[in-house]
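Trainee: Would you mind keeping the following structure in view while I ask a few things?
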Amino acid sequence: MVPVQRKTRSQSKMGRSHKNAKVTASVRCPNCGSAKLPHSACAECGYVRPGLRLNLTKED
Ligand SMILES: [Zn+2]
């Protein structure tokens, strides 16, 4: 396949824009204080929201 028209520098860079995207959003767990992703359970203690807490058990 041969492209009909060469992409401009701007178009090439815009196409690659998602490759350097990082997840920067994080919140402190109100239960244990460690960093966790918003709207997800805490990896340390399993806290989700008041009244809901996951039971974390190691499955090794
Ligand atoms: Zn926690």
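Residues are named by chain letter and number: chains run A, B, ... in the order of the structure tokens, numbers start at 1 in each chain, and ligands are numbered from 1 in the order shown.
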Please identify every residue of chain A that has at least one atom no farther than 6 Å from an atom of ligand 1, counting only C-alpha atoms and all ligand atoms, and for each give the shortest atom pair and the distance in Å to one decimal, arranged by chain then increasing number, as CSV.

Mentor:
residue,atom,partner,partner_atom_place_in_ligand_line,distance
A:Cys29,CA,ligand 1,1 (Zn),4.7
A:Asn31,CA,ligand 1,1 (Zn),5.0
A:Cys32,CA,ligand 1,1 (Zn),4.2
A:Ser34,CA,ligand 1,1 (Zn),5.8
A:Cys42,CA,ligand 1,1 (Zn),4.6
A:Glu44,CA,ligand 1,1 (Zn),5.0
A:Cys45,CA,ligand 1,1 (Zn),4.2
A:Gly46,CA,ligand 1,1 (Zn),6.0
A:Tyr47,CA,ligand 1,1 (Zn),5.4

Trainee: Keeping only C-alpha atoms, write the selected residues to a file as a PDB file, in the first residue's frame.

Mentor:
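Once written, out_12.pdb looks like this:
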ATOM      1  CA  CYS A  29      -7.577   5.785  50.441  1.00  0.00           C
ATOM      2  CA  ASN A  31      -9.157   4.077  55.257  1.00  0.00           C
ATOM      3  CA  CYS A  32      -5.401   3.389  55.122  1.00  0.00           C
ATOM      4  CA  SER A  34      -2.280   4.685  50.425  1.00  0.00           C
ATOM      5  CA  CYS A  42      -7.866  -0.056  47.477  1.00  0.00           C
ATOM      6  CA  GLU A  44      -3.952  -2.502  50.406  1.00  0.00           C
ATOM      7  CA  CYS A  45      -7.127  -2.803  52.432  1.00  0.00           C
ATOM      8  CA  GLY A  46      -9.911  -3.412  49.899  1.00  0.00           C
ATOM      9  CA  TYR A  47     -11.847  -0.294  50.845  1.00  0.00           C
TER      10      TYR A  47
END

Trainee: What parts of region 2-59 of chain A does DSSP call strand (DSSP E)? I'd like the answer as a PyMOL selection string.

Mentor: chain A and resi 27-28+35-36+47-49+52-53

Trainee: Measuring atom to atom with only C-alpha atoms, identify which of A:Pro50, A:Val23, A:Val2, A:Leu56 is nearest to Leu37 (chain A).

Mentor: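 Once distances to Leu37 (chain A) are computed over only C-alpha atoms, the minimum belongs to A:Val23.
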
Trainee: Taking only C-alpha atoms into account, which of A:Met1, A:Ser12, A:Ala41, A:Leu52 comes nearest Ser26 (chain A)?

Mentor: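 Among the listed residues, the smallest separation from Ser26 (chain A) belongs to A:Ala41.
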
Trainee: In Å, how far is it from CA of Lys58 (chain A) to CA of Ala25 (chain A)?

Mentor: 26.5 Å

Trainee: What does the structure give for the distance between CA of Pro38 (chain A) and CA of Thr24 (chain A), in Å to one decimal?

Mentor: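 Calculated distance between CA of Pro38 (chain A) and CA of Thr24 (chain A) is 10.7 Å.
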
Trainee: Could you give me, as an NGL selection string, each residue of chain A that DSSP assigns to alpha helix (DSSP H) when run on this structure's backbone?

Mentor: :A and (9-15)
